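Colleague: Below is the structure I would like to discuss, written out as structure tokens.
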Amino acid sequence: MKDYQDINAETIDHWVEEGWEWGRPISRETYRKALAGEWEVLLTPTKPVPREWFGKLAGKKLLGLASGGGQQMPIFAAAGAECTVLDYSEKQLESERLVSKREGYSIRIIRADMTKPLPFKNEEFDIIFHPVSNCYVREVLPIWKECFRILKKGGVLLSGTDHYVNYIVDENEERIVNRLPFDPITYPEQMKQLADSDSGVQFSHSLEGQIAGQLRAGFILTDLYEDTNGEGRLHEMNIPTFLAMRSVKPEQ
């Protein structure tokens, strides 16, 4: 049987081929605006990350964790960061190669599974940018622990996470139909739902796992905001389904 992460990599690859929103690399015009200091990036579907969350990017070592697609890394490179991107989807990484070659900047590109120990030294990065993706991972605490390990003291983790709300409702977002946690490894009927909608293998995570998980890994939470799906009934009713967080590794 295939590992669920391999299923997800294949699923995202074909989403990209079909024009997936989060797999379309930025334009040359967007990159040039970023060079001039005009830029914004997303951790969640609709709300831009506050610029003050980053601090000064020039010269910083930045990891895009599960952040392939040629959308955020080119922006950070234009702002002067020394960028590394890790993703498990080859198509997402192809987009990174495409944009970096087109615009002429350097980036370290690594294909790896973030459920495994990350292939980096202790205290290697100043910033980790981790947009919504741990919904494709069954256990999140090991990821927070690895992020803590590879960040320098005083380093910043910026993460976008999916609430559990999206996982309890039906396709029309009108009725509660699923139990929590949404775990297709445990509940075959949930795996069937995902297969029928070509959604890969996804998992819900509690706020305890997402927020307290970072605290238990050693982080200090400094700010957060909520966001919606950007479309659909939950969005129209202004029901938050995503959470973005800024966390810091203590200096001592």
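Naming scheme: A, B, ... for chains in displayed order of the structure tokens; residues 1 onward per chain; ligands 1 onward as shown.
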Excluding same-chain residues fewer than 6 positions from region 231-239 of chain A, what lies within 10 Å of it counting only C-alpha atoms, as a list of chain:residue names?
Modeller: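 Answer for this query is A:Pro45, A:Thr46, A:Val165, A:Asn166, A:Val169, A:Glu171, A:Asn172, A:Glu173, A:Glu174.
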Colleague: Would you export the selected residues with N, CA, C and O atoms as a PDB file, in the first residue's frame, please?
Modeller:
ATOM      1  N   PRO A  45      -5.890  31.509   2.931  1.00  0.00           N
ATOM      2  CA  PRO A  45      -6.451  31.836   1.613  1.00  0.00           C
ATOM      3  C   PRO A  45      -6.570  33.293   1.227  1.00  0.00           C
ATOM      4  O   PRO A  45      -6.372  33.635   0.054  1.00  0.00           O
ATOM      5  N   THR A  46      -6.898  34.208   2.145  1.00  0.00           N
ATOM      6  CA  THR A  46      -7.240  35.558   1.694  1.00  0.00           C
ATOM      7  C   THR A  46      -6.481  36.702   2.351  1.00  0.00           C
ATOM      8  O   THR A  46      -6.308  37.751   1.733  1.00  0.00           O
ATOM      9  N   VAL A 165     -13.011  22.922  11.194  1.00  0.00           N
ATOM     10  CA  VAL A 165     -14.383  23.203  10.748  1.00  0.00           C
ATOM     11  C   VAL A 165     -14.644  22.643   9.352  1.00  0.00           C
ATOM     12  O   VAL A 165     -15.707  22.071   9.081  1.00  0.00           O
ATOM     13  N   ASN A 166     -13.694  22.803   8.434  1.00  0.00           N
ATOM     14  CA  ASN A 166     -13.889  22.317   7.070  1.00  0.00           C
ATOM     15  C   ASN A 166     -14.123  20.814   7.000  1.00  0.00           C
ATOM     16  O   ASN A 166     -14.707  20.323   6.033  1.00  0.00           O
ATOM     17  N   VAL A 169     -18.182  19.388   7.948  1.00  0.00           N
ATOM     18  CA  VAL A 169     -19.370  19.713   7.158  1.00  0.00           C
ATOM     19  C   VAL A 169     -19.402  18.933   5.843  1.00  0.00           C
ATOM     20  O   VAL A 169     -18.388  18.418   5.377  1.00  0.00           O
ATOM     21  N   GLU A 171     -20.273  18.605   1.611  1.00  0.00           N
ATOM     22  CA  GLU A 171     -19.683  19.292   0.466  1.00  0.00           C
ATOM     23  C   GLU A 171     -20.278  20.687   0.261  1.00  0.00           C
ATOM     24  O   GLU A 171     -19.578  21.604  -0.177  1.00  0.00           O
ATOM     25  N   ASN A 172     -21.568  20.847   0.585  1.00  0.00           N
ATOM     26  CA  ASN A 172     -22.222  22.152   0.440  1.00  0.00           C
ATOM     27  C   ASN A 172     -22.083  23.038   1.679  1.00  0.00           C
ATOM     28  O   ASN A 172     -22.626  24.143   1.722  1.00  0.00           O
ATOM     29  N   GLU A 173     -21.369  22.545   2.680  1.00  0.00           N
ATOM     30  CA  GLU A 173     -21.107  23.288   3.914  1.00  0.00           C
ATOM     31  C   GLU A 173     -22.404  23.682   4.619  1.00  0.00           C
ATOM     32  O   GLU A 173     -22.544  24.779   5.159  1.00  0.00           O
ATOM     33  N   GLU A 174     -23.356  22.747   4.636  1.00  0.00           N
ATOM     34  CA  GLU A 174     -24.674  23.006   5.232  1.00  0.00           C
ATOM     35  C   GLU A 174     -24.953  22.130   6.452  1.00  0.00           C
ATOM     36  O   GLU A 174     -25.694  22.532   7.350  1.00  0.00           O
TER      37      GLU A 174
END
Colleague: Find the residues around Arg138 (chain A) up to 9 Å (only C-alpha atoms counted), leave out those fewer than 4 positions away in its own chain, and share them as a list of chain:residue names.
Modeller: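 The residues satisfying every condition are A:Thr115, A:Asn134, A:Asp183, A:Ile185, A:Gln202, A:Phe203, A:Ser204, A:His205.
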Colleague: Measure the distance from CA of Glu38 (chain A) to CA of Gly69 (chain A) in Å and round it to one decimal.
Modeller: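 One can read the CA of Glu38 (chain A) to CA of Gly69 (chain A) distance as 19.9 Å.
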Colleague: Which residue gives the smallest distance to Ala9 (chain A) among A:Phe120, A:Tyr136, A:Trp53, A:Phe129, with only C-alpha atoms counted?
Modeller: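 The answer is A:Tyr136, which sits nearest to Ala9 (chain A).
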Colleague: Can you pull out every residue from region 1-242 of chain A that DSSP, working from the backbone, puts in strand (DSSP E), and format the result as a VMD selection string?
Modeller: chain A and resid 61 to 65 82 to 87 108 to 111 125 to 130 151 to 162 220 to 227 242
Colleague: Output as a ChimeraX atom specification all residues of region 66-246 of chain A that backbone DSSP marks as alpha helix (DSSP H).
Modeller: /A:73-78,90-103,141-150,165-168,188-196,207,213-217,232-236
Colleague: Produce a table with one row for each residue of region 117-222 of chain A that has an atom at most 8 Å from any atom of region 11-29 of chain A, each row naming the nearest atom pair and its distance in Å at one decimal; use only C-alpha atoms; arrange rows by chain and rising residue number; format as a tab-separated table.
Modeller:
residue	atom	partner	partner_atom	distance
A:Asp198	CA	A:Thr11	CA	7.5
A:Ser199	CA	A:Thr11	CA	7.4
A:Gly200	CA	A:Thr11	CA	5.7
Colleague: Lys153 (chain A): which residues within 9 Å, counting only C-alpha atoms, same-chain residues fewer than 6 positions away excluded, as a ChimeraX atom specification?
Modeller: /A:123,126,248-252
Colleague: Counting only C-alpha atoms, what is within 12 Å of Lys47 (chain A), bar same-chain residues fewer than 6 positions away, as a ChimeraX atom specification?
Modeller: /A:40-41,160,224-230,240,242-244
Colleague: Print the selection's residues with N, CA and C atoms to a file, as a CSV table (one decimal), in the first residue's frame.
Modeller:
chain,number,residue,atom,x,y,z
A,40,GLU,N,3.2,41.3,-1.2
A,40,GLU,CA,2.5,40.6,-0.1
A,40,GLU,C,2.5,39.2,-0.3
A,41,VAL,N,2.4,38.4,0.7
A,41,VAL,CA,2.3,36.9,0.6
A,41,VAL,C,1.2,36.4,1.5
A,160,GLY,N,0.6,28.8,8.6
A,160,GLY,CA,-0.8,28.9,8.3
A,160,GLY,C,-1.4,27.5,8.5
A,224,LEU,N,-1.5,36.2,16.1
A,224,LEU,CA,-2.2,35.3,15.2
A,224,LEU,C,-3.4,36.0,14.6
A,225,TYR,N,-3.9,35.5,13.5
A,225,TYR,CA,-5.2,36.0,13.0
A,225,TYR,C,-5.9,34.8,12.3
A,226,GLU,N,-7.2,35.0,12.2
A,226,GLU,CA,-8.1,34.0,11.5
A,226,GLU,C,-8.4,34.4,10.1
A,227,ASP,N,-8.8,33.4,9.3
A,227,ASP,CA,-9.1,33.6,7.9
A,227,ASP,C,-10.2,32.7,7.5
A,228,THR,N,-10.9,33.0,6.4
A,228,THR,CA,-11.9,32.1,5.9
A,228,THR,C,-11.5,31.4,4.6
A,229,ASN,N,-12.3,30.5,4.1
A,229,ASN,CA,-12.0,29.8,2.9
A,229,ASN,C,-11.8,30.6,1.6
A,230,GLY,N,-12.4,31.8,1.6
A,230,GLY,CA,-12.3,32.7,0.5
A,230,GLY,C,-13.5,32.5,-0.5
A,240,PRO,N,-14.6,31.6,10.3
A,240,PRO,CA,-13.2,31.3,10.1
A,240,PRO,C,-12.9,29.9,10.1
A,242,PHE,N,-9.4,29.0,9.0
A,242,PHE,CA,-7.9,29.0,9.0
A,242,PHE,C,-7.3,29.9,10.1
A,243,LEU,N,-6.1,29.6,10.5
A,243,LEU,CA,-5.4,30.3,11.5
A,243,LEU,C,-4.0,30.5,11.1
A,244,ALA,N,-3.5,31.8,11.1
A,244,ALA,CA,-2.1,32.1,10.9
A,244,ALA,C,-1.4,32.5,12.2
Colleague: Compile the contact shell of Leu57 (chain A) as a CSV table (one decimal) with N, CA, C and O atoms, in the first residue's frame: residues with an atom at most 9 Å away, counting only C-alpha atoms, same-chain residues fewer than 5 positions apart removed.
Modeller:
chain,number,residue,atom,x,y,z
A,62,LEU,N,16.1,31.8,5.0
A,62,LEU,CA,14.6,31.6,5.1
A,62,LEU,C,14.3,30.2,4.5
A,62,LEU,O,14.7,29.9,3.4
A,76,PHE,N,10.4,36.4,-1.5
A,76,PHE,CA,11.4,36.5,-0.4
A,76,PHE,C,12.8,36.7,-1.0
A,76,PHE,O,13.7,37.4,-0.5
A,77,ALA,N,13.1,36.0,-2.1
A,77,ALA,CA,14.4,36.2,-2.8
A,77,ALA,C,14.5,37.7,-3.3
A,77,ALA,O,15.6,38.3,-3.2
A,79,ALA,N,13.3,40.2,-1.9
A,79,ALA,CA,13.5,41.0,-0.8
A,79,ALA,C,14.9,40.8,-0.1
A,79,ALA,O,15.2,41.5,0.9
A,80,GLY,N,15.7,40.0,-0.7
A,80,GLY,CA,17.0,39.8,-0.2
A,80,GLY,C,17.3,38.6,0.7
A,80,GLY,O,18.4,38.5,1.2
A,81,ALA,N,16.3,37.8,0.9
A,81,ALA,CA,16.5,36.6,1.7
A,81,ALA,C,17.3,35.5,1.0
A,81,ALA,O,17.3,35.4,-0.2
A,82,GLU,N,18.0,34.7,1.8
A,82,GLU,CA,18.7,33.5,1.2
A,82,GLU,C,17.8,32.4,1.4
A,82,GLU,O,17.6,31.9,2.5
A,127,ILE,N,14.2,32.3,9.6
A,127,ILE,CA,12.7,32.4,9.4
A,127,ILE,C,12.3,31.1,8.8
A,127,ILE,O,12.9,30.6,7.8
Colleague: Using only C-alpha atoms, pick whichever of A:Asp3, A:Arg102, A:Tyr164, A:Ile107 has the shortest atom-to-atom distance to Ile176 (chain A).
Modeller: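 Result for the nearest residue to Ile176 (chain A): A:Tyr164.
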Colleague: CA of Leu35 (chain A) and CA of Met245 (chain A) are how many Å apart?
Modeller: 25.9 Å
Colleague: State, in Å with one decimal place, the distance from CA of Lys60 (chain A) to CA of Ile109 (chain A).
Modeller: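 These two atoms are separated by 16.7 Å.
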Colleague: Determine the nearest neighbour of Cys135 (chain A) from the options A:Leu157, A:Leu98, A:Leu215, A:Ala66, counting only C-alpha atoms.
Modeller: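 Of A:Leu157, A:Leu98, A:Leu215, A:Ala66, the one nearest Cys135 (chain A), counting only C-alpha atoms, is A:Ala66.
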